[in-house]
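So this block is start.pdb, PDB, C-alpha atoms:
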ATOM      1  CA  MET A  30      21.460  -0.717   6.563
ATOM      2  CA  ILE A  31      18.877  -2.759   8.447
ATOM      3  CA  ILE A  32      20.243  -6.173   9.438
ATOM      4  CA  ILE A  33      17.864  -9.082  10.024
ATOM      5  CA  GLY A  34      19.837 -11.779  11.825
ATOM      6  CA  GLU A  35      19.142 -15.103  10.141
ATOM      7  CA  LYS A  36      20.838 -17.591  12.451
ATOM      8  CA  LEU A  37      17.844 -18.814  14.503
ATOM      9  CA  ASN A  38      16.233 -20.755  11.699
ATOM     10  CA  GLY A  39      15.157 -24.342  12.217
ATOM     11  CA  THR A  40      16.128 -25.289   8.662
ATOM     12  CA  ILE A  41      19.772 -24.895   9.768
ATOM     13  CA  PRO A  42      20.691 -28.383  11.074
ATOM     14  CA  SER A  43      22.292 -27.233  14.339
ATOM     15  CA  VAL A  44      19.316 -24.971  15.112
ATOM     16  CA  GLY A  45      16.810 -27.657  14.167
ATOM     17  CA  LYS A  46      18.552 -30.040  16.561
ATOM     18  CA  ALA A  47      18.490 -27.428  19.338
ATOM     19  CA  ILE A  48      14.752 -26.872  18.821
ATOM     20  CA  LEU A  49      13.910 -30.579  18.921
ATOM     21  CA  GLU A  50      16.093 -31.105  22.028
ATOM     22  CA  ARG A  51      14.848 -27.846  23.626
ATOM     23  CA  ASP A  52      18.420 -26.615  24.117
ATOM     24  CA  GLU A  53      17.676 -23.266  25.742
ATOM     25  CA  ASP A  54      21.292 -22.117  26.123
ATOM     26  CA  PHE A  55      21.963 -22.648  22.412
ATOM     27  CA  VAL A  56      19.090 -20.353  21.433
ATOM     28  CA  ARG A  57      19.895 -17.714  24.058
ATOM     29  CA  ASN A  58      23.573 -17.567  23.112
ATOM     30  CA  LEU A  59      22.845 -17.266  19.391
ATOM     31  CA  ALA A  60      20.403 -14.442  20.072
ATOM     32  CA  ILE A  61      22.937 -12.549  22.210
ATOM     33  CA  LYS A  62      25.739 -12.966  19.675
ATOM     34  CA  GLN A  63      23.591 -11.648  16.815
ATOM     35  CA  ALA A  64      22.383  -8.667  18.840
ATOM     36  CA  GLU A  65      25.927  -7.811  19.890
ATOM     37  CA  ALA A  66      27.075  -8.097  16.254
ATOM     38  CA  GLY A  67      24.594  -5.401  15.192
ATOM     39  CA  ALA A  68      21.373  -7.168  14.188
ATOM     40  CA  ASP A  69      18.398  -4.787  14.116
ATOM     41  CA  TYR A  70      15.944  -7.713  14.162
ATOM     42  CA  ILE A  71      16.381 -11.325  15.279
ATOM     43  CA  ASP A  72      14.627 -13.711  12.902
ATOM     44  CA  VAL A  73      12.930 -16.648  14.622
ATOM     45  CA  CYS A  74      11.836 -19.474  12.343
ATOM     46  CA  ALA A  75      10.934 -22.867  13.768
ATOM     47  CA  GLY A  76      11.233 -24.751  10.474
ATOM     48  CA  THR A  77       9.657 -27.766  12.155
ATOM     49  CA  SER A  78       6.683 -29.970  11.265
ATOM     50  CA  PRO A  79       3.386 -28.027  11.204
ATOM     51  CA  ASP A  80       1.945 -29.794  14.251
ATOM     52  CA  ILE A  81       4.636 -28.360  16.572
ATOM     53  CA  GLU A  82       5.503 -25.113  14.762
ATOM     54  CA  VAL A  83       3.412 -22.826  16.982
ATOM     55  CA  GLU A  84       4.751 -24.380  20.187
ATOM     56  CA  SER A  85       8.342 -24.201  18.897
ATOM     57  CA  LEU A  86       8.021 -20.573  17.822
ATOM     58  CA  LYS A  87       6.602 -19.537  21.214
ATOM     59  CA  TRP A  88       9.499 -21.326  22.907
ATOM     60  CA  MET A  89      12.088 -19.582  20.715
ATOM     61  CA  MET A  90      10.464 -16.154  21.098
ATOM     62  CA  ASN A  91      10.404 -16.391  24.878
ATOM     63  CA  LEU A  92      14.071 -17.411  25.083
ATOM     64  CA  VAL A  93      15.263 -14.651  22.745
ATOM     65  CA  GLN A  94      13.258 -11.998  24.577
ATOM     66  CA  GLU A  95      14.712 -13.138  27.920
ATOM     67  CA  VAL A  96      18.209 -12.074  26.878
ATOM     68  CA  VAL A  97      17.958  -9.278  24.254
ATOM     69  CA  ASP A  98      15.779  -6.241  23.601
ATOM     70  CA  THR A  99      16.255  -6.514  19.836
ATOM     71  CA  PRO A 100      12.822  -6.802  18.158
ATOM     72  CA  LEU A 101      11.842 -10.126  16.636
ATOM     73  CA  CYS A 102      11.297 -10.989  13.008
ATOM     74  CA  ILE A 103       8.605 -13.673  13.282
ATOM     75  CA  ASP A 104       9.103 -15.995  10.347
ATOM     76  CA  SER A 105       6.722 -18.633   9.008
ATOM     77  CA  PRO A 106       5.360 -19.560   5.571
ATOM     78  CA  ASN A 107       1.970 -20.018   7.267
ATOM     79  CA  PRO A 108       0.327 -16.667   8.141
ATOM     80  CA  HIS A 109      -2.059 -18.356  10.573
ATOM     81  CA  VAL A 110       0.919 -19.565  12.626
ATOM     82  CA  ILE A 111       2.136 -15.971  12.839
ATOM     83  CA  LEU A 112      -1.276 -14.865  14.087
ATOM     84  CA  GLU A 113      -1.158 -17.462  16.859
ATOM     85  CA  VAL A 114       2.232 -16.341  18.208
ATOM     86  CA  LEU A 115       2.073 -12.581  17.609
ATOM     87  CA  GLU A 116       0.723 -11.813  21.085
ATOM     88  CA  TYR A 117       3.833 -13.339  22.682
ATOM     89  CA  ALA A 118       6.088 -10.641  21.232
ATOM     90  CA  LYS A 119       6.971  -8.079  23.902
ATOM     91  CA  ARG A 120       7.304  -5.292  21.343
ATOM     92  CA  PRO A 121       6.390  -4.792  17.667
ATOM     93  CA  GLY A 122       8.925  -6.069  15.209
ATOM     94  CA  LEU A 123       8.832  -7.585  11.734
ATOM     95  CA  ILE A 124       6.444 -10.155  10.256
ATOM     96  CA  ASN A 125       8.094 -12.413   7.710
ATOM     97  CA  SER A 126       6.240 -12.627   5.367
ATOM     98  CA  VAL A 127       3.295 -11.855   3.103
ATOM     99  CA  SER A 128       2.889 -12.165  -0.660
ATOM    100  CA  GLU A 129       0.181 -12.449  -3.273
ATOM    101  CA  GLU A 130       0.033 -16.195  -2.607
ATOM    102  CA  HIS A 131      -3.182 -17.676  -1.236
ATOM    103  CA  GLY A 132      -4.512 -14.517   0.438
ATOM    104  CA  LYS A 133      -1.608 -14.005   2.842
ATOM    105  CA  CYS A 134      -1.998 -10.210   2.799
ATOM    106  CA  GLU A 135      -5.641 -10.548   3.733
ATOM    107  CA  VAL A 136      -4.668 -12.605   6.795
ATOM    108  CA  ILE A 137      -1.802 -10.443   8.097
ATOM    109  CA  PHE A 138      -2.688  -6.854   7.160
ATOM    110  CA  PRO A 139      -5.855  -6.602   9.314
ATOM    111  CA  VAL A 140      -3.907  -7.436  12.488
ATOM    112  CA  MET A 141      -1.215  -4.891  11.616
ATOM    113  CA  LYS A 142      -3.718  -2.028  11.456
ATOM    114  CA  GLY A 143      -3.210   0.413  14.310
ATOM    115  CA  THR A 144       0.068  -1.226  15.413
ATOM    116  CA  ASP A 145       3.764  -0.531  14.843
ATOM    117  CA  TRP A 146       4.480  -3.909  13.236
ATOM    118  CA  ASN A 147       6.455  -3.932   9.970
ATOM    119  CA  VAL A 148       6.239  -6.627   7.308
ATOM    120  CA  VAL A 149       8.384  -8.401   4.725
ATOM    121  CA  ALA A 150       6.510  -8.736   1.434
ATOM    122  CA  LEU A 151       7.666 -11.170  -1.245
ATOM    123  CA  THR A 152       7.099 -10.464  -4.944
ATOM    124  CA  CYS A 153       5.497 -13.795  -5.732
ATOM    125  CA  ASP A 154       1.938 -14.963  -6.335
ATOM    126  CA  ASN A 155       0.051 -18.182  -7.020
ATOM    127  CA  ASN A 156       2.132 -18.602 -10.183
ATOM    128  CA  GLY A 157       5.336 -18.738  -8.154
ATOM    129  CA  ILE A 158       8.424 -16.506  -8.331
ATOM    130  CA  PRO A 159       8.399 -14.297 -11.430
ATOM    131  CA  THR A 160      11.379 -14.358 -13.759
ATOM    132  CA  ASP A 161      10.741 -10.868 -15.129
ATOM    133  CA  VAL A 162      10.914  -7.379 -13.634
ATOM    134  CA  GLU A 163       7.454  -6.215 -14.730
ATOM    135  CA  THR A 164       5.572  -8.898 -12.794
ATOM    136  CA  ARG A 165       7.552  -8.121  -9.644
ATOM    137  CA  ILE A 166       6.637  -4.451  -9.962
ATOM    138  CA  ASN A 167       2.952  -5.279 -10.478
ATOM    139  CA  ILE A 168       2.922  -7.549  -7.429
ATOM    140  CA  THR A 169       4.571  -4.801  -5.386
ATOM    141  CA  LYS A 170       1.906  -2.305  -6.483
ATOM    142  CA  SER A 171      -0.861  -4.721  -5.519
ATOM    143  CA  ILE A 172       0.648  -5.370  -2.064
ATOM    144  CA  VAL A 173       1.141  -1.649  -1.371
ATOM    145  CA  GLU A 174      -2.457  -0.890  -2.389
ATOM    146  CA  LYS A 175      -3.774  -3.633  -0.110
ATOM    147  CA  ALA A 176      -1.630  -2.304   2.738
ATOM    148  CA  LYS A 177      -3.116   1.182   2.300
ATOM    149  CA  GLN A 178      -6.568  -0.238   3.016
ATOM    150  CA  TYR A 179      -5.343  -0.982   6.547
ATOM    151  CA  ASP A 180      -3.439   2.292   7.023
ATOM    152  CA  ILE A 181      -0.083   0.546   6.601
ATOM    153  CA  ASP A 182       2.374   3.119   5.278
ATOM    154  CA  GLN A 183       4.939   2.116   2.672
ATOM    155  CA  SER A 184       7.709   2.833   5.211
ATOM    156  CA  ARG A 185       6.513  -0.221   7.169
ATOM    157  CA  ILE A 186       6.935  -2.562   4.190
ATOM    158  CA  PHE A 187      10.135  -4.463   3.360
ATOM    159  CA  ILE A 188       9.803  -5.623  -0.250
ATOM    160  CA  ASP A 189      11.866  -8.667  -1.214
ATOM    161  CA  PRO A 190      12.153  -8.805  -5.031
ATOM    162  CA  LEU A 191      13.244 -12.459  -4.721
ATOM    163  CA  VAL A 192      16.578 -12.827  -6.453
ATOM    164  CA  ILE A 193      16.852 -16.098  -8.417
ATOM    165  CA  ALA A 194      19.986 -18.276  -8.277
ATOM    166  CA  ILE A 195      22.574 -17.004 -10.735
ATOM    167  CA  SER A 196      23.249 -20.634 -11.706
ATOM    168  CA  THR A 197      19.800 -20.833 -13.319
ATOM    169  CA  ASP A 198      19.522 -17.263 -14.653
ATOM    170  CA  ASN A 199      22.667 -15.290 -15.366
ATOM    171  CA  GLN A 200      20.569 -12.107 -15.601
ATOM    172  CA  SER A 201      19.293 -12.620 -12.058
ATOM    173  CA  LEU A 202      21.280  -9.837 -10.392
ATOM    174  CA  LEU A 203      20.515  -7.384 -13.186
ATOM    175  CA  LYS A 204      16.788  -8.065 -12.864
ATOM    176  CA  PHE A 205      16.953  -7.657  -9.091
ATOM    177  CA  VAL A 206      18.766  -4.338  -9.478
ATOM    178  CA  GLU A 207      16.248  -3.071 -12.038
ATOM    179  CA  ALA A 208      13.291  -4.150  -9.894
ATOM    180  CA  THR A 209      14.847  -2.446  -6.866
ATOM    181  CA  LYS A 210      15.376   0.813  -8.728
ATOM    182  CA  GLN A 211      11.833   0.872 -10.118
ATOM    183  CA  ILE A 212      10.279   0.047  -6.742
ATOM    184  CA  LYS A 213      12.250   2.814  -5.021
ATOM    185  CA  GLU A 214      11.190   5.290  -7.720
ATOM    186  CA  LEU A 215       7.534   4.400  -7.157
ATOM    187  CA  TYR A 216       7.750   4.211  -3.363
ATOM    188  CA  PRO A 217      10.735   6.192  -2.026
ATOM    189  CA  ASP A 218      10.028   5.301   1.613
ATOM    190  CA  ILE A 219       9.661   1.567   1.093
ATOM    191  CA  HIS A 220      12.450  -0.769   2.251
ATOM    192  CA  ILE A 221      14.119  -3.314  -0.032
ATOM    193  CA  THR A 222      15.433  -6.505   1.531
ATOM    194  CA  SER A 223      16.807  -9.861   0.428
ATOM    195  CA  GLY A 224      18.346 -13.043   1.723
ATOM    196  CA  LEU A 225      21.976 -13.022   0.583
ATOM    197  CA  SER A 226      22.433 -16.739  -0.022
ATOM    198  CA  ASN A 227      19.795 -17.377  -2.725
ATOM    199  CA  ILE A 228      21.881 -15.761  -5.461
ATOM    200  CA  SER A 229      24.745 -18.260  -5.065
ATOM    201  CA  PHE A 230      22.823 -21.549  -4.841
ATOM    202  CA  GLY A 231      24.551 -24.266  -6.849
ATOM    203  CA  MET A 232      27.790 -22.278  -7.260
ATOM    204  CA  PRO A 233      31.278 -22.613  -5.758
ATOM    205  CA  LEU A 234      32.710 -19.826  -3.569
ATOM    206  CA  ARG A 235      29.231 -18.903  -2.404
ATOM    207  CA  LYS A 236      30.373 -16.425   0.252
ATOM    208  CA  ILE A 237      32.271 -14.395  -2.356
ATOM    209  CA  ILE A 238      29.219 -14.284  -4.630
ATOM    210  CA  ASN A 239      26.964 -13.315  -1.706
ATOM    211  CA  GLN A 240      29.254 -10.469  -0.659
ATOM    212  CA  ASN A 241      29.443  -9.073  -4.176
ATOM    213  CA  PHE A 242      25.667  -9.343  -4.489
ATOM    214  CA  LEU A 243      25.324  -7.386  -1.241
ATOM    215  CA  THR A 244      27.521  -4.553  -2.539
ATOM    216  CA  LEU A 245      25.790  -4.297  -5.919
ATOM    217  CA  ALA A 246      22.305  -4.528  -4.391
ATOM    218  CA  MET A 247      23.113  -1.808  -1.854
ATOM    219  CA  GLY A 248      24.297   0.388  -4.706
ATOM    220  CA  ALA A 249      20.899  -0.086  -6.377
ATOM    221  CA  GLY A 250      18.985   0.911  -3.237
ATOM    222  CA  MET A 251      18.635  -2.214  -1.097
ATOM    223  CA  ASP A 252      18.638  -1.003   2.511
ATOM    224  CA  SER A 253      18.055  -4.245   4.417
ATOM    225  CA  ALA A 254      19.379  -7.782   4.330
ATOM    226  CA  ILE A 255      18.481 -11.114   5.897
ATOM    227  CA  MET A 256      21.995 -12.235   6.735
ATOM    228  CA  ASP A 257      24.477 -13.678   9.188
ATOM    229  CA  PRO A 258      25.754 -10.770  11.318
ATOM    230  CA  LEU A 259      28.370 -13.083  12.837
ATOM    231  CA  ASN A 260      30.176 -13.410   9.494
ATOM    232  CA  ARG A 261      33.053 -10.934   9.807
ATOM    233  CA  ASP A 262      33.722 -10.750   6.066
ATOM    234  CA  THR A 263      30.068 -10.070   5.221
ATOM    235  CA  MET A 264      29.830  -7.388   7.901
ATOM    236  CA  ALA A 265      33.018  -5.798   6.590
ATOM    237  CA  THR A 266      31.547  -5.800   3.070
ATOM    238  CA  LEU A 267      28.334  -4.188   4.326
ATOM    239  CA  LEU A 268      30.132  -1.456   6.283
ATOM    240  CA  ALA A 269      32.530  -0.756   3.420
ATOM    241  CA  ALA A 270      29.657  -0.461   0.934
ATOM    242  CA  ASP A 271      27.747   1.852   3.289
ATOM    243  CA  MET A 272      30.849   4.008   3.606
ATOM    244  CA  LEU A 273      31.532   4.124  -0.140
ATOM    245  CA  LEU A 274      27.890   5.064  -0.798
ATOM    246  CA  GLY A 275      28.273   8.109   1.435
ATOM    247  CA  LYS A 276      26.076   6.737   4.229
ATOM    248  CA  ASP A 277      28.764   6.545   6.927
ATOM    249  CA  ARG A 278      29.579  10.087   8.038
ATOM    250  CA  HIS A 279      33.333  10.544   8.479
ATOM    251  CA  CYS A 280      33.681   6.744   8.053
ATOM    252  CA  ARG A 281      32.897   6.375  11.755
ATOM    253  CA  LYS A 282      30.980   3.083  11.660
ATOM    254  CA  PHE A 283      33.638   1.368   9.570
ATOM    255  CA  THR A 284      36.613   2.585  11.611
ATOM    256  CA  THR A 285      34.874   1.934  14.925
ATOM    257  CA  ALA A 286      34.081  -1.643  13.906
ATOM    258  CA  TYR A 287      37.698  -2.119  12.850
ATOM    259  CA  ARG A 288      39.070  -0.726  16.124
ATOM    260  CA  LYS A 289      36.728  -2.985  18.100
ATOM    261  CA  GLY A 290      38.010  -5.960  16.117
ATOM    262  CA  SER A 291      34.581  -6.955  14.802
ATOM    263  CA  ILE A 292      35.769  -6.745  11.177
ATOM    264  CA  GLY A 293      39.128  -7.386   9.568
ATOM    265  CA  PRO A 294      41.680 -10.101  10.433
ATOM    266  CA  ILE A 295      41.214 -11.757  13.812
ATOM    267  CA  LYS A 296      43.891 -10.318  16.097
ATOM    268  CA  ASP A 297      45.845 -12.585  18.438
TER     269      ASP A 297
END
Can you present the structure in this file as structure tokens?
Amino acid sequence: MIIIGEKLNGTIPSVGKAILERDEDFVRNLAIKQAEAGADYIDVCAGTSPDIEVESLKWMMNLVQEVVDTPLCIDSPNPHVILEVLEYAKRPGLINSVSEEHGKCEVIFPVMKGTDWNVVALTCDNNGIPTDVETRINITKSIVEKAKQYDIDQSRIFIDPLVIAISTDNQSLLKFVEATKQIKELYPDIHITSGLSNISFGMPLRKIINQNFLTLAMGAGMDSAIMDPLNRDTMATLLAADMLLGKDRHCRKFTTAYRKGSIGPIKD
């Protein structure tokens, strides 16, 4: 399971405050904690006003790369911002994100050609987020075909089928599962990812809903998640699901994490 650590996002109030106040220790410490907790990528998203987004992203990237070797997931809704900061990454990581909206693929894919950068691709277009499975599949096909034009293999693409809040569509999880299965049948080497918190928006007991979504989505073929690796319960859910799906040989990852005290009750 590929973990994209979500904690360094300027839309989170404490992170937004740290960015505006240029609190370097806050950013460094959060990067270290996520890396130590098992994040495979550290997401960096400024979430600030457009006029300072590039400057803020560069600042965050430099601080994270000072203290961890974990590759970055460079996150912005504006592909041109990503282009401006890409050269400051010390090693290829993950670009978050492209979609069929407003020519984003055409901006990002050319700079990925001949590199080892991977990309998150969202199944939305100029009409917004689809509510049906078929449109998500068609958008995925279009993105994969565009990627091929720049020699970007499907194994470098993380498709996000964009789960809708269960509070607005009680078939949301079922549609996500069906889209995931169909995408994996078409493109066996492609990655499927998702943010865990979207499913529970507007509901009580959100963490419980998110954890159950994680388990069911992993069972359908999701092999990546944009999540909080510092949440012990979520990490325990992920490791347990991996184990139950036969992906943890001799249950080593689960038992090792338990012995280290990184999952399970906090020991005095």
Exercise: stretch 141-154 of chain A partners within 7 Å, all atoms listed in the file, chain neighbours under 3 positions left out, as a VMD selection string: chain A and resid 121 to 130 137 to 138 157 to 159 165 168 to 169 179 to 181 185 to 191
Residues within 12 Å of A:Leu115, all atoms listed in the file, excluding chain neighbours under 2 positions, as a PyMOL selection string: chain A and resi 73+83+86-87+90-91+101-105+108-113+117-125+137+140-141+144+146
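Residue membership of the PyMOL selection byres ((chain A and resi 55) around 12) in the shown file amounts to Lys36, Leu37, Ser43, Val44, Gly45, Lys46, Ala47, Ile48, Leu49, Glu50, Arg51, Asp52, Glu53, Asp54, Val56, Arg57, Asn58, Leu59, Ala60, Ile61, Lys62, Met89, Leu92 and Val93 of chain A.
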Chain and number of each residue from the PyMOL selection byres ((chain A and resi 266-275) around 8), as a ChimeraX atom specification: /A:30,240,243-244,247-248,262-265,276-278,280,282-283
Between atom CA of A:Ile81 and atom CA of A:Ala254 - distance in Å to one decimal: 28.1 Å
Between atom CA of A:Ile71 and atom CA of A:Ile32, distance in Å (one decimal):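 Separating atom CA of A:Ile71 from atom CA of A:Ile32 is a distance of 8.7 Å.
Residues matched by the PyMOL selection byres ((chain A and resi 196) around 8) in this file: Ala194, Ile195, Thr197, Asp198, Asn199, Ser229, Phe230, Gly231 and Met232 of chain A.
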Computed interatomic separation between atom CA of A:Ile295 and atom CA of A:Asn239 (Å):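 If I compute the distance from atom CA of A:Ile295 to atom CA of A:Asn239, I get 21.1 Å.
Considering all atoms listed in the file, the residue among A:Asn260, A:Thr285, A:Thr77, A:Gln178 positioned nearest to A:Pro42 is A:Thr77.
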Using all atoms listed in the file: which of A:Gln200, A:Thr160, A:Asn241, A:Thr209 has the shortest distance to A:Ser253: A:Thr209
Exercise: A:Ala66 partners within 8 Å, only C-alpha atoms, chain neighbours under 6 positions left out, as a list in words: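 The residues satisfying every condition are Pro258, Leu259 and Ser291 of chain A.
Residue nearest A:Gln63 within the list A:Met256, A:Thr284, A:Lys175, A:Glu84: A:Met256 [criterion: smallest interatomic distance, all atoms listed in the file].
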Dump C-alpha atoms of stretch 140-161 of chain A from the given block, as a compact mmCIF listing (two decimals), in the first residue's frame.
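As a result, decode_19.txt now contains:
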# COMPACT_ATOMS: atom_id res chain seq x y z
CA VAL A 140 7.47 17.83 -18.71
CA MET A 141 7.10 14.27 -17.41
CA LYS A 142 8.41 12.76 -20.64
CA GLY A 143 11.81 11.16 -20.15
CA THR A 144 11.67 11.53 -16.34
CA ASP A 145 10.75 9.26 -13.43
CA TRP A 146 7.95 11.50 -12.15
CA ASN A 147 4.60 9.86 -11.35
CA VAL A 148 1.23 11.61 -11.44
CA VAL A 149 -2.14 11.60 -9.70
CA ALA A 150 -4.96 11.81 -12.25
CA LEU A 151 -8.49 12.76 -11.20
CA THR A 152 -11.53 11.42 -13.05
CA CYS A 153 -13.16 14.78 -13.61
CA ASP A 154 -13.51 17.11 -16.59
CA ASN A 155 -14.96 20.52 -17.41
CA ASN A 156 -18.37 19.20 -16.35
CA GLY A 157 -17.12 18.54 -12.84
CA ILE A 158 -17.02 15.27 -10.87
CA PRO A 159 -19.08 12.54 -12.55
CA THR A 160 -21.76 10.77 -10.55
CA ASP A 161 -21.66 7.62 -12.69
